[in-house]
$ cat start.pdb   # PDB, C-alpha atoms, pLDDT in the B column
ATOM      1  CA  ALA A1144      22.249  97.587 131.557  1.00 79.00           C
ATOM      2  CA  GLN A1145      25.118  99.669 130.220  1.00 85.00           C
ATOM      3  CA  SER A1146      24.908 103.333 131.062  1.00 90.00           C
ATOM      4  CA  VAL A1147      26.872 106.486 131.829  1.00 94.00           C
ATOM      5  CA  THR A1148      25.885 108.855 134.601  1.00 95.00           C
ATOM      6  CA  GLN A1149      26.966 112.396 135.285  1.00 95.00           C
ATOM      7  CA  LEU A1150      25.156 113.276 138.464  1.00 90.00           C
ATOM      8  CA  ASP A1151      25.991 116.986 138.473  1.00 94.00           C
ATOM      9  CA  SER A1152      24.253 118.974 135.773  1.00 94.00           C
ATOM     10  CA  GLN A1153      25.959 122.193 136.881  1.00 96.00           C
ATOM     11  CA  VAL A1154      29.078 122.925 138.916  1.00 97.00           C
ATOM     12  CA  PRO A1155      29.780 126.538 139.903  1.00 97.00           C
ATOM     13  CA  VAL A1156      33.313 127.286 141.044  1.00 97.00           C
ATOM     14  CA  PHE A1157      35.495 130.313 141.641  1.00 97.00           C
ATOM     15  CA  GLU A1158      38.548 130.942 139.531  1.00 97.00           C
ATOM     16  CA  GLU A1159      41.736 129.284 140.819  1.00 97.00           C
ATOM     17  CA  ALA A1160      39.724 126.810 142.917  1.00 98.00           C
ATOM     18  CA  PRO A1161      39.985 123.047 142.327  1.00 98.00           C
ATOM     19  CA  VAL A1162      37.175 121.176 140.659  1.00 98.00           C
ATOM     20  CA  GLU A1163      36.023 117.584 140.243  1.00 97.00           C
ATOM     21  CA  LEU A1164      33.397 116.521 137.734  1.00 98.00           C
ATOM     22  CA  ARG A1165      31.939 113.112 138.429  1.00 97.00           C
ATOM     23  CA  CYS A1166      31.293 110.285 136.001  1.00 97.00           C
ATOM     24  CA  ASN A1167      30.087 106.804 136.789  1.00 97.00           C
ATOM     25  CA  TYR A1168      29.261 103.977 134.452  1.00 95.00           C
ATOM     26  CA  SER A1169      27.468 100.674 134.647  1.00 93.00           C
ATOM     27  CA  SER A1170      28.879  97.759 132.691  1.00 89.00           C
ATOM     28  CA  SER A1171      29.537  94.048 132.828  1.00 84.00           C
ATOM     29  CA  VAL A1172      32.244  94.300 130.162  1.00 85.00           C
ATOM     30  CA  SER A1173      35.444  96.251 129.942  1.00 87.00           C
ATOM     31  CA  VAL A1174      35.304  99.834 128.794  1.00 90.00           C
ATOM     32  CA  TYR A1175      37.161 102.667 127.149  1.00 92.00           C
ATOM     33  CA  LEU A1176      36.555 106.005 128.863  1.00 94.00           C
ATOM     34  CA  PHE A1177      36.643 109.540 127.503  1.00 95.00           C
ATOM     35  CA  TRP A1178      36.094 113.128 128.578  1.00 97.00           C
ATOM     36  CA  TYR A1179      35.092 115.688 125.977  1.00 97.00           C
ATOM     37  CA  VAL A1180      34.629 119.454 126.364  1.00 97.00           C
ATOM     38  CA  GLN A1181      32.178 121.577 124.419  1.00 94.00           C
ATOM     39  CA  TYR A1182      32.611 125.353 124.334  1.00 93.00           C
ATOM     40  CA  PRO A1183      29.582 127.450 123.367  1.00 88.00           C
ATOM     41  CA  ASN A1184      28.530 127.000 119.753  1.00 84.00           C
ATOM     42  CA  GLN A1185      31.375 124.612 119.056  1.00 87.00           C
ATOM     43  CA  GLY A1186      31.840 120.913 118.538  1.00 90.00           C
ATOM     44  CA  LEU A1187      33.267 118.491 121.068  1.00 93.00           C
ATOM     45  CA  GLN A1188      36.975 118.339 121.767  1.00 94.00           C
ATOM     46  CA  LEU A1189      38.728 115.413 123.421  1.00 94.00           C
ATOM     47  CA  LEU A1190      40.253 116.256 126.805  1.00 96.00           C
ATOM     48  CA  LEU A1191      41.617 112.822 127.665  1.00 96.00           C
ATOM     49  CA  LYS A1192      40.917 109.130 127.425  1.00 94.00           C
ATOM     50  CA  TYR A1193      41.621 105.905 129.254  1.00 93.00           C
ATOM     51  CA  LEU A1194      42.165 102.723 127.248  1.00 90.00           C
ATOM     52  CA  SER A1195      44.407 100.649 129.489  1.00 88.00           C
ATOM     53  CA  GLY A1196      47.469 100.890 131.700  1.00 89.00           C
ATOM     54  CA  SER A1197      47.958 103.586 134.296  1.00 91.00           C
ATOM     55  CA  THR A1198      44.683 104.550 135.889  1.00 92.00           C
ATOM     56  CA  LEU A1199      45.668 108.218 136.167  1.00 96.00           C
ATOM     57  CA  VAL A1200      45.344 109.926 132.833  1.00 96.00           C
ATOM     58  CA  LYS A1201      46.530 113.416 132.042  1.00 96.00           C
ATOM     59  CA  GLY A1202      44.916 115.474 129.338  1.00 95.00           C
ATOM     60  CA  ILE A1203      44.991 118.894 127.768  1.00 94.00           C
ATOM     61  CA  ASN A1204      44.487 122.204 129.572  1.00 93.00           C
ATOM     62  CA  GLY A1205      45.711 120.792 132.905  1.00 96.00           C
ATOM     63  CA  PHE A1206      42.905 118.283 133.339  1.00 97.00           C
ATOM     64  CA  GLU A1207      43.375 114.758 134.626  1.00 97.00           C
ATOM     65  CA  ALA A1208      41.096 111.831 135.397  1.00 98.00           C
ATOM     66  CA  GLU A1209      41.393 108.631 137.356  1.00 96.00           C
ATOM     67  CA  PHE A1210      39.856 105.329 136.407  1.00 95.00           C
ATOM     68  CA  ASN A1211      38.524 103.428 139.398  1.00 94.00           C
ATOM     69  CA  LYS A1212      37.378  99.998 138.334  1.00 92.00           C
ATOM     70  CA  SER A1213      35.951  98.953 141.698  1.00 92.00           C
ATOM     71  CA  GLN A1214      33.804 102.073 141.875  1.00 93.00           C
ATOM     72  CA  THR A1215      33.177 102.153 138.115  1.00 94.00           C
ATOM     73  CA  SER A1216      34.097 105.805 138.050  1.00 96.00           C
ATOM     74  CA  PHE A1217      36.165 108.139 135.890  1.00 97.00           C
ATOM     75  CA  HIS A1218      36.114 111.520 137.601  1.00 97.00           C
ATOM     76  CA  LEU A1219      37.679 114.567 135.968  1.00 98.00           C
ATOM     77  CA  ARG A1220      39.792 116.954 138.036  1.00 98.00           C
ATOM     78  CA  LYS A1221      41.689 120.174 137.711  1.00 98.00           C
ATOM     79  CA  PRO A1222      43.642 121.705 140.613  1.00 97.00           C
ATOM     80  CA  SER A1223      43.043 125.325 139.603  1.00 97.00           C
ATOM     81  CA  VAL A1224      40.415 126.429 137.097  1.00 97.00           C
ATOM     82  CA  HIS A1225      40.348 129.489 134.871  1.00 96.00           C
ATOM     83  CA  ILE A1226      37.498 131.530 133.496  1.00 96.00           C
ATOM     84  CA  SER A1227      38.258 129.999 130.109  1.00 95.00           C
ATOM     85  CA  ASP A1228      37.367 126.541 131.451  1.00 97.00           C
ATOM     86  CA  THR A1229      33.708 127.521 131.494  1.00 97.00           C
ATOM     87  CA  ALA A1230      32.087 124.960 129.196  1.00 97.00           C
ATOM     88  CA  GLU A1231      30.028 121.773 129.046  1.00 96.00           C
ATOM     89  CA  TYR A1232      31.911 118.590 129.886  1.00 97.00           C
ATOM     90  CA  PHE A1233      30.825 115.173 128.680  1.00 96.00           C
ATOM     91  CA  CYS A1234      31.904 111.794 129.923  1.00 97.00           C
ATOM     92  CA  ALA A1235      31.671 109.085 127.277  1.00 95.00           C
ATOM     93  CA  VAL A1236      32.164 105.337 127.233  1.00 93.00           C
ATOM     94  CA  ILE A1237      32.731 102.644 124.660  1.00 90.00           C
ATOM     95  CA  PHE A1238      31.574  99.306 126.012  1.00 88.00           C
ATOM     96  CA  THR A1239      33.654  96.537 124.464  1.00 81.00           C
ATOM     97  CA  GLY A1240      31.516  94.509 122.151  1.00 75.00           C
ATOM     98  CA  THR A1241      29.658  97.594 120.978  1.00 72.00           C
ATOM     99  CA  ALA A1242      32.270  98.354 118.342  1.00 69.00           C
ATOM    100  CA  SER A1243      32.667 102.077 117.904  1.00 74.00           C
ATOM    101  CA  LYS A1244      29.577 103.361 119.657  1.00 83.00           C
ATOM    102  CA  LEU A1245      30.322 106.186 122.072  1.00 88.00           C
ATOM    103  CA  THR A1246      27.694 106.468 124.803  1.00 91.00           C
ATOM    104  CA  PHE A1247      27.614 109.944 126.322  1.00 93.00           C
ATOM    105  CA  GLY A1248      26.581 111.130 129.738  1.00 94.00           C
ATOM    106  CA  THR A1249      24.168 114.023 130.026  1.00 93.00           C
ATOM    107  CA  GLY A1250      26.934 116.552 130.546  1.00 95.00           C
ATOM    108  CA  THR A1251      28.070 118.861 133.345  1.00 97.00           C
ATOM    109  CA  ARG A1252      28.078 122.595 132.919  1.00 97.00           C
ATOM    110  CA  LEU A1253      31.191 124.046 134.596  1.00 97.00           C
ATOM    111  CA  GLN A1254      30.697 127.720 135.396  1.00 97.00           C
ATOM    112  CA  VAL A1255      33.841 129.522 136.560  1.00 97.00           C
ATOM    113  CA  THR A1256      33.444 132.964 138.101  1.00 95.00           C
ATOM    114  CA  LEU A1257      35.769 135.554 139.596  1.00 91.00           C
TER     115      LEU A1257
ATOM    116  CA  ASP B 552      44.364 119.743 108.596  1.00 65.00           C
ATOM    117  CA  ALA B 553      41.086 121.656 108.469  1.00 80.00           C
ATOM    118  CA  GLY B 554      39.322 119.225 110.746  1.00 93.00           C
ATOM    119  CA  VAL B 555      35.826 117.900 110.171  1.00 96.00           C
ATOM    120  CA  ILE B 556      33.812 120.324 108.077  1.00 96.00           C
ATOM    121  CA  GLN B 557      30.051 120.616 108.284  1.00 97.00           C
ATOM    122  CA  SER B 558      27.647 122.705 106.277  1.00 96.00           C
ATOM    123  CA  PRO B 559      25.517 124.615 106.710  1.00 96.00           C
ATOM    124  CA  ARG B 560      26.291 125.828 110.233  1.00 96.00           C
ATOM    125  CA  HIS B 561      22.719 126.989 110.687  1.00 96.00           C
ATOM    126  CA  GLU B 562      19.566 125.898 108.916  1.00 97.00           C
ATOM    127  CA  VAL B 563      16.070 127.226 109.428  1.00 97.00           C
ATOM    128  CA  THR B 564      13.292 125.544 107.527  1.00 97.00           C
ATOM    129  CA  GLU B 565       9.584 124.993 107.642  1.00 97.00           C
ATOM    130  CA  MET B 566       7.861 121.803 108.608  1.00 97.00           C
ATOM    131  CA  GLY B 567       7.506 119.445 105.687  1.00 96.00           C
ATOM    132  CA  GLN B 568      10.578 120.656 103.826  1.00 97.00           C
ATOM    133  CA  GLU B 569      13.544 118.478 102.946  1.00 97.00           C
ATOM    134  CA  VAL B 570      16.766 119.201 104.813  1.00 98.00           C
ATOM    135  CA  THR B 571      20.233 118.029 103.807  1.00 98.00           C
ATOM    136  CA  LEU B 572      23.198 118.290 106.135  1.00 98.00           C
ATOM    137  CA  ARG B 573      26.697 117.797 104.819  1.00 98.00           C
ATOM    138  CA  CYS B 574      29.953 116.552 106.272  1.00 98.00           C
ATOM    139  CA  LYS B 575      33.523 116.306 105.063  1.00 98.00           C
ATOM    140  CA  PRO B 576      35.607 114.062 107.343  1.00 97.00           C
ATOM    141  CA  ILE B 577      39.285 114.469 108.042  1.00 95.00           C
ATOM    142  CA  SER B 578      41.314 113.139 105.145  1.00 94.00           C
ATOM    143  CA  GLY B 579      42.417 109.561 105.732  1.00 92.00           C
ATOM    144  CA  HIS B 580      39.791 108.800 108.338  1.00 93.00           C
ATOM    145  CA  ASP B 581      37.794 105.682 107.525  1.00 91.00           C
ATOM    146  CA  TYR B 582      35.036 105.990 110.123  1.00 93.00           C
ATOM    147  CA  LEU B 583      32.314 108.626 110.039  1.00 95.00           C
ATOM    148  CA  PHE B 584      29.658 109.211 112.675  1.00 96.00           C
ATOM    149  CA  TRP B 585      26.479 111.303 112.782  1.00 97.00           C
ATOM    150  CA  TYR B 586      25.206 112.479 116.187  1.00 96.00           C
ATOM    151  CA  ARG B 587      22.238 114.545 117.290  1.00 96.00           C
ATOM    152  CA  GLN B 588      22.245 116.773 120.379  1.00 94.00           C
ATOM    153  CA  THR B 589      19.064 117.964 122.077  1.00 93.00           C
ATOM    154  CA  MET B 590      18.288 119.236 125.542  1.00 88.00           C
ATOM    155  CA  MET B 591      15.891 116.387 126.188  1.00 88.00           C
ATOM    156  CA  ARG B 592      17.949 113.464 124.902  1.00 88.00           C
ATOM    157  CA  GLY B 593      21.512 114.711 125.055  1.00 90.00           C
ATOM    158  CA  LEU B 594      24.009 113.364 122.516  1.00 92.00           C
ATOM    159  CA  GLU B 595      22.801 110.389 120.497  1.00 92.00           C
ATOM    160  CA  LEU B 596      24.594 108.391 117.837  1.00 93.00           C
ATOM    161  CA  LEU B 597      22.405 108.193 114.750  1.00 96.00           C
ATOM    162  CA  ILE B 598      24.516 106.178 112.328  1.00 96.00           C
ATOM    163  CA  TYR B 599      28.111 105.382 111.525  1.00 94.00           C
ATOM    164  CA  PHE B 600      30.030 104.326 108.442  1.00 95.00           C
ATOM    165  CA  ASN B 601      33.242 102.412 107.915  1.00 92.00           C
ATOM    166  CA  ASN B 602      34.932 102.724 104.526  1.00 93.00           C
ATOM    167  CA  ASN B 603      31.771 104.406 103.207  1.00 95.00           C
ATOM    168  CA  VAL B 604      29.544 101.495 104.243  1.00 95.00           C
ATOM    169  CA  PRO B 605      26.827 102.013 106.874  1.00 95.00           C
ATOM    170  CA  ILE B 606      27.617  99.760 109.820  1.00 92.00           C
ATOM    171  CA  ASP B 607      25.007 100.625 112.405  1.00 92.00           C
ATOM    172  CA  ASP B 608      21.941 102.767 111.790  1.00 93.00           C
ATOM    173  CA  SER B 609      20.005 101.649 114.837  1.00 91.00           C
ATOM    174  CA  GLY B 610      20.002 105.206 116.181  1.00 92.00           C
ATOM    175  CA  MET B 611      18.227 106.698 113.188  1.00 94.00           C
ATOM    176  CA  PRO B 612      14.907 107.830 114.644  1.00 88.00           C
ATOM    177  CA  GLU B 613      12.608 106.913 111.766  1.00 85.00           C
ATOM    178  CA  ASP B 614      12.313 106.492 108.039  1.00 90.00           C
ATOM    179  CA  ARG B 615      12.281 110.233 107.491  1.00 95.00           C
ATOM    180  CA  PHE B 616      16.010 110.176 108.205  1.00 97.00           C
ATOM    181  CA  SER B 617      18.539 108.817 105.752  1.00 97.00           C
ATOM    182  CA  ALA B 618      22.310 109.034 105.467  1.00 97.00           C
ATOM    183  CA  LYS B 619      24.708 108.364 102.646  1.00 97.00           C
ATOM    184  CA  MET B 620      28.423 108.328 102.121  1.00 97.00           C
ATOM    185  CA  PRO B 621      29.097 108.225  98.380  1.00 97.00           C
ATOM    186  CA  ASN B 622      32.863 108.540  98.830  1.00 95.00           C
ATOM    187  CA  ALA B 623      35.515 108.815 101.509  1.00 95.00           C
ATOM    188  CA  SER B 624      35.365 112.593 101.665  1.00 95.00           C
ATOM    189  CA  PHE B 625      31.641 113.317 101.816  1.00 96.00           C
ATOM    190  CA  SER B 626      28.541 112.301 103.705  1.00 98.00           C
ATOM    191  CA  THR B 627      24.992 113.601 103.898  1.00 98.00           C
ATOM    192  CA  LEU B 628      22.211 113.321 106.430  1.00 98.00           C
ATOM    193  CA  LYS B 629      18.791 113.975 104.965  1.00 98.00           C
ATOM    194  CA  ILE B 630      15.487 114.560 106.686  1.00 97.00           C
ATOM    195  CA  GLN B 631      12.384 114.360 104.528  1.00 96.00           C
ATOM    196  CA  PRO B 632       9.889 115.614 105.525  1.00 96.00           C
ATOM    197  CA  SER B 633      11.217 117.627 108.439  1.00 96.00           C
ATOM    198  CA  GLU B 634       9.229 118.151 111.650  1.00 96.00           C
ATOM    199  CA  PRO B 635       9.648 120.627 114.526  1.00 96.00           C
ATOM    200  CA  ARG B 636      10.844 117.828 116.815  1.00 95.00           C
ATOM    201  CA  ASP B 637      13.855 117.378 114.515  1.00 96.00           C
ATOM    202  CA  SER B 638      15.195 120.715 115.733  1.00 97.00           C
ATOM    203  CA  ALA B 639      18.625 119.969 117.222  1.00 97.00           C
ATOM    204  CA  VAL B 640      22.330 120.333 116.671  1.00 96.00           C
ATOM    205  CA  TYR B 641      23.672 117.646 114.368  1.00 97.00           C
ATOM    206  CA  PHE B 642      27.336 116.706 114.649  1.00 96.00           C
ATOM    207  CA  CYS B 643      29.528 114.762 112.327  1.00 97.00           C
ATOM    208  CA  ALA B 644      32.670 113.066 113.634  1.00 96.00           C
ATOM    209  CA  SER B 645      35.421 111.042 112.020  1.00 95.00           C
ATOM    210  CA  ARG B 646      38.075 108.628 113.176  1.00 92.00           C
ATOM    211  CA  SER B 647      40.924 106.605 111.797  1.00 88.00           C
ATOM    212  CA  GLY B 648      41.845 103.159 112.997  1.00 75.00           C
ATOM    213  CA  ALA B 649      39.868 100.078 113.849  1.00 66.00           C
ATOM    214  CA  LEU B 650      40.143 100.352 117.602  1.00 68.00           C
ATOM    215  CA  GLY B 651      37.179 101.658 119.507  1.00 65.00           C
ATOM    216  CA  GLY B 652      39.558 103.631 121.653  1.00 71.00           C
ATOM    217  CA  ASP B 653      40.810 105.749 118.795  1.00 79.00           C
ATOM    218  CA  THR B 654      39.756 109.360 119.090  1.00 87.00           C
ATOM    219  CA  GLN B 655      36.688 110.670 117.319  1.00 91.00           C
ATOM    220  CA  TYR B 656      37.094 114.229 116.001  1.00 93.00           C
ATOM    221  CA  PHE B 657      33.943 116.306 115.911  1.00 94.00           C
ATOM    222  CA  GLY B 658      32.859 118.982 113.502  1.00 95.00           C
ATOM    223  CA  PRO B 659      31.353 122.290 114.663  1.00 94.00           C
ATOM    224  CA  GLY B 660      27.812 121.059 114.137  1.00 95.00           C
ATOM    225  CA  THR B 661      24.761 122.191 112.193  1.00 97.00           C
ATOM    226  CA  ARG B 662      22.037 123.884 114.221  1.00 96.00           C
ATOM    227  CA  LEU B 663      18.715 122.916 112.635  1.00 97.00           C
ATOM    228  CA  THR B 664      15.508 124.749 113.437  1.00 97.00           C
ATOM    229  CA  VAL B 665      12.276 123.436 111.963  1.00 97.00           C
ATOM    230  CA  LEU B 666       9.384 125.875 112.278  1.00 96.00           C
TER     231      LEU B 666
END
$ encode --input "start.pdb" --output "structure tokens"
Amino acid sequence: AQSVTQLDSQVPVFEEAPVELRCNYSSSVSVYLFWYVQYPNQGLQLLLKYLSGSTLVKGINGFEAEFNKSQTSFHLRKPSVHISDTAEYFCAVIFTGTASKLTFGTGTRLQVTL
Amino acid sequence: DAGVIQSPRHEVTEMGQEVTLRCKPISGHDYLFWYRQTMMRGLELLIYFNNNVPIDDSGMPEDRFSAKMPNASFSTLKIQPSEPRDSAVYFCASRSGALGGDTQYFGPGTRLTVL
């Protein structure tokens, strides 16, 4: 079955510390991978995406993610977080053959404190 | 560009009433998506259109839900009659290009509360 898993529902971290948000998927076909961020009472904004090519993808706001095909993972990282990074982060996948259907993970709440 | 525009931003209604949510996609985008976000089920795709034609409505929960796209700049999602379990945030998103990897741009959402 095709699925997307974000194991961590919440990740607390201190400001200026590094963070990794985990995303794994299950698929027998190739995929396109996305990370979206949702700030309170706002819509979703694309952070970065992987379609093909280099497995290390850099996005906005200093975030990056690495596609690992053997581990079917697409973890999101930032070397030093800010208070303003506090938000909900969603991993999403398009499984080829499913046309345009984005399948979202359940989200990870990143809480940055001083 | 103003981005994807949704109205209203908040809607409170009573069970049994008709609710209409509206979306204006980004100009030039030929794909439009409707999503629903709840605590229990997360983000779900309800339906999407390409060039104003519904392509996949398999996510529409039941016959009480309907969606239309009469032209390239306007879409509606209607719930009739509404029920308390329909309470959620409804997002509209649009995209240009035929590739699945093209970015979907989301609107700010409509928070629906059905009492």
$ interface_residues --input "start.pdb" --of "chain B" --to "chain A" --cutoff "7 Å" --atoms "all atoms listed in the file" --output "list in words"
Gly593, Leu594, Gly651, Gly652, Phe657, Gly658, Pro659 and Gly660 of chain B
$ residues_around --input "start.pdb" --residues "range 1251-1255 of chain A" --least-positions-apart "5" --cutoff "6 Å" --atoms "only C-alpha atoms" --output "ChimeraX atom specification"
/A:1151-1158,1226,1229-1232
$ resolve_selection --input "start.pdb" --expression "the PyMOL selection byres ((chain B and resi 565) around 6)" --output "PyMOL selection string"
chain B and resi 564+566+568+665-666
$ residues_around --input "start.pdb" --residues "Pro621 in chain B" --least-positions-apart "2" --cutoff "12 Å" --atoms "all atoms listed in the file" --output "PyMOL selection string"
chain B and resi 573-575+600-605+618-619+623-628
$ atom_distance --input "start.pdb" --atom1 "CA of Lys1201 in chain A" --atom2 "CA of His1218 in chain A"
12.0 Å
$ resolve_selection --input "start.pdb" --expression "the PyMOL selection byres ((chain A and resi 1223) around 9)" --output "list in words"
Glu1158, Glu1159, Ala1160, Pro1161, Val1162, Gly1205, Lys1221, Pro1222, Val1224 and His1225 of chain A
$ closest_residue --input "start.pdb" --among "A:Gln1145, A:Leu1150, A:Gly1202, A:Gln1214" --to "Val1180 in chain A" --atoms "only C-alpha atoms"
A:Gly1202
$ atom_distance --input "start.pdb" --atom1 "CA of Ala553 in chain B" --atom2 "CA of Gln655 in chain B"
14.8 Å
$ atom_distance --input "start.pdb" --atom1 "CA of Phe642 in chain B" --atom2 "CA of Ser609 in chain B"
16.7 Å
$ resolve_selection --input "start.pdb" --expression "the PyMOL selection byres ((chain B and resi 586-592) around 9)" --output "list of chain:residue names"
A:Thr1249, B:Phe584, B:Trp585, B:Gly593, B:Leu594, B:Glu595, B:Leu596, B:Leu597, B:Ile598, B:Tyr599, B:Gly610, B:Ser638, B:Ala639, B:Val640, B:Tyr641, B:Phe642, B:Cys643, B:Ala644
$ write_last_selection --input "start.pdb" --atoms "C-alpha atoms" --output "PDB file, in the coordinates of the input"
ATOM      1  CA  THR A1249      24.168 114.023 130.026  1.00 93.00           C
TER       2      THR A1249
ATOM      3  CA  PHE B 584      29.658 109.211 112.675  1.00 96.00           C
ATOM      4  CA  TRP B 585      26.479 111.303 112.782  1.00 97.00           C
ATOM      5  CA  GLY B 593      21.512 114.711 125.055  1.00 90.00           C
ATOM      6  CA  LEU B 594      24.009 113.364 122.516  1.00 92.00           C
ATOM      7  CA  GLU B 595      22.801 110.389 120.497  1.00 92.00           C
ATOM      8  CA  LEU B 596      24.594 108.391 117.837  1.00 93.00           C
ATOM      9  CA  LEU B 597      22.405 108.193 114.750  1.00 96.00           C
ATOM     10  CA  ILE B 598      24.516 106.178 112.328  1.00 96.00           C
ATOM     11  CA  TYR B 599      28.111 105.382 111.525  1.00 94.00           C
ATOM     12  CA  GLY B 610      20.002 105.206 116.181  1.00 92.00           C
ATOM     13  CA  SER B 638      15.195 120.715 115.733  1.00 97.00           C
ATOM     14  CA  ALA B 639      18.625 119.969 117.222  1.00 97.00           C
ATOM     15  CA  VAL B 640      22.330 120.333 116.671  1.00 96.00           C
ATOM     16  CA  TYR B 641      23.672 117.646 114.368  1.00 97.00           C
ATOM     17  CA  PHE B 642      27.336 116.706 114.649  1.00 96.00           C
ATOM     18  CA  CYS B 643      29.528 114.762 112.327  1.00 97.00           C
ATOM     19  CA  ALA B 644      32.670 113.066 113.634  1.00 96.00           C
TER      20      ALA B 644
END
$ residues_around --input "start.pdb" --residues "range 1166-1168 of chain A" --least-positions-apart "6" --cutoff "7 Å" --atoms "all atoms listed in the file" --output "list in words"
Ser1146, Val1147, Thr1148, Gln1149, Thr1215, Ser1216, Phe1217, His1218 and Cys1234 of chain A
$ axis_aligned_box --input "start.pdb" --around "range 566-579 of chain B" --padding-each-side "5 Å" --output "JSON"
{"center_x": 25.0, "center_y": 115.7, "center_z": 105.8, "size_x": 44.9, "size_y": 22.2, "size_z": 15.7}
$ closest_residue --input "start.pdb" --among "B:Pro632, B:Gly554, B:Pro612, B:Pro559" --to "His580 in chain B" --atoms "only C-alpha atoms"
B:Gly554
$ build_atoms --input "start.pdb" --residues "range 623-636 of chain B" --atoms "N, CA, C and O atoms" --output "PDB file, in the frame of the given file"
ATOM      1  N   ALA B 623      34.799 108.689 100.234  1.00 95.00           N
ATOM      2  CA  ALA B 623      35.515 108.815 101.509  1.00 95.00           C
ATOM      3  C   ALA B 623      35.574 110.239 102.040  1.00 95.00           C
ATOM      4  O   ALA B 623      35.956 110.450 103.196  1.00 95.00           O
ATOM      5  N   SER B 624      35.209 111.208 101.239  1.00 95.00           N
ATOM      6  CA  SER B 624      35.365 112.593 101.665  1.00 95.00           C
ATOM      7  C   SER B 624      34.047 113.330 101.803  1.00 95.00           C
ATOM      8  O   SER B 624      34.016 114.554 101.946  1.00 95.00           O
ATOM      9  N   PHE B 625      32.912 112.610 101.794  1.00 96.00           N
ATOM     10  CA  PHE B 625      31.641 113.317 101.816  1.00 96.00           C
ATOM     11  C   PHE B 625      30.528 112.420 102.339  1.00 96.00           C
ATOM     12  O   PHE B 625      30.412 111.258 101.940  1.00 96.00           O
ATOM     13  N   SER B 626      29.711 113.005 103.207  1.00 98.00           N
ATOM     14  CA  SER B 626      28.541 112.301 103.705  1.00 98.00           C
ATOM     15  C   SER B 626      27.393 113.285 103.852  1.00 98.00           C
ATOM     16  O   SER B 626      27.602 114.478 104.094  1.00 98.00           O
ATOM     17  N   THR B 627      26.173 112.776 103.708  1.00 98.00           N
ATOM     18  CA  THR B 627      24.992 113.601 103.898  1.00 98.00           C
ATOM     19  C   THR B 627      24.029 112.921 104.863  1.00 98.00           C
ATOM     20  O   THR B 627      23.952 111.703 104.938  1.00 98.00           O
ATOM     21  N   LEU B 628      23.321 113.760 105.589  1.00 98.00           N
ATOM     22  CA  LEU B 628      22.211 113.321 106.430  1.00 98.00           C
ATOM     23  C   LEU B 628      20.991 114.084 105.959  1.00 98.00           C
ATOM     24  O   LEU B 628      20.985 115.315 105.953  1.00 98.00           O
ATOM     25  N   LYS B 629      19.975 113.350 105.549  1.00 98.00           N
ATOM     26  CA  LYS B 629      18.791 113.975 104.965  1.00 98.00           C
ATOM     27  C   LYS B 629      17.571 113.692 105.828  1.00 98.00           C
ATOM     28  O   LYS B 629      17.390 112.567 106.342  1.00 98.00           O
ATOM     29  N   ILE B 630      16.750 114.704 105.966  1.00 97.00           N
ATOM     30  CA  ILE B 630      15.487 114.560 106.686  1.00 97.00           C
ATOM     31  C   ILE B 630      14.370 114.985 105.722  1.00 97.00           C
ATOM     32  O   ILE B 630      14.366 116.106 105.221  1.00 97.00           O
ATOM     33  N   GLN B 631      13.458 114.077 105.462  1.00 96.00           N
ATOM     34  CA  GLN B 631      12.384 114.360 104.528  1.00 96.00           C
ATOM     35  C   GLN B 631      11.146 113.540 104.883  1.00 96.00           C
ATOM     36  O   GLN B 631      11.206 112.314 104.826  1.00 96.00           O
ATOM     37  N   PRO B 632      10.043 114.184 105.264  1.00 96.00           N
ATOM     38  CA  PRO B 632       9.889 115.614 105.525  1.00 96.00           C
ATOM     39  C   PRO B 632      10.344 115.970 106.931  1.00 96.00           C
ATOM     40  O   PRO B 632      10.289 115.132 107.841  1.00 96.00           O
ATOM     41  N   SER B 633      10.759 117.195 107.115  1.00 96.00           N
ATOM     42  CA  SER B 633      11.217 117.627 108.439  1.00 96.00           C
ATOM     43  C   SER B 633      10.030 117.978 109.341  1.00 96.00           C
ATOM     44  O   SER B 633       8.952 118.359 108.863  1.00 96.00           O
ATOM     45  N   GLU B 634      10.244 117.834 110.641  1.00 96.00           N
ATOM     46  CA  GLU B 634       9.229 118.151 111.650  1.00 96.00           C
ATOM     47  C   GLU B 634       9.874 119.002 112.742  1.00 96.00           C
ATOM     48  O   GLU B 634      11.100 118.920 112.947  1.00 96.00           O
ATOM     49  N   PRO B 635       9.074 119.781 113.460  1.00 96.00           N
ATOM     50  CA  PRO B 635       9.648 120.627 114.526  1.00 96.00           C
ATOM     51  C   PRO B 635      10.472 119.850 115.552  1.00 96.00           C
ATOM     52  O   PRO B 635      11.462 120.364 116.066  1.00 96.00           O
ATOM     53  N   ARG B 636      10.096 118.608 115.822  1.00 95.00           N
ATOM     54  CA  ARG B 636      10.844 117.828 116.815  1.00 95.00           C
ATOM     55  C   ARG B 636      12.226 117.405 116.311  1.00 95.00           C
ATOM     56  O   ARG B 636      13.017 116.841 117.080  1.00 95.00           O
TER      57      ARG B 636
END
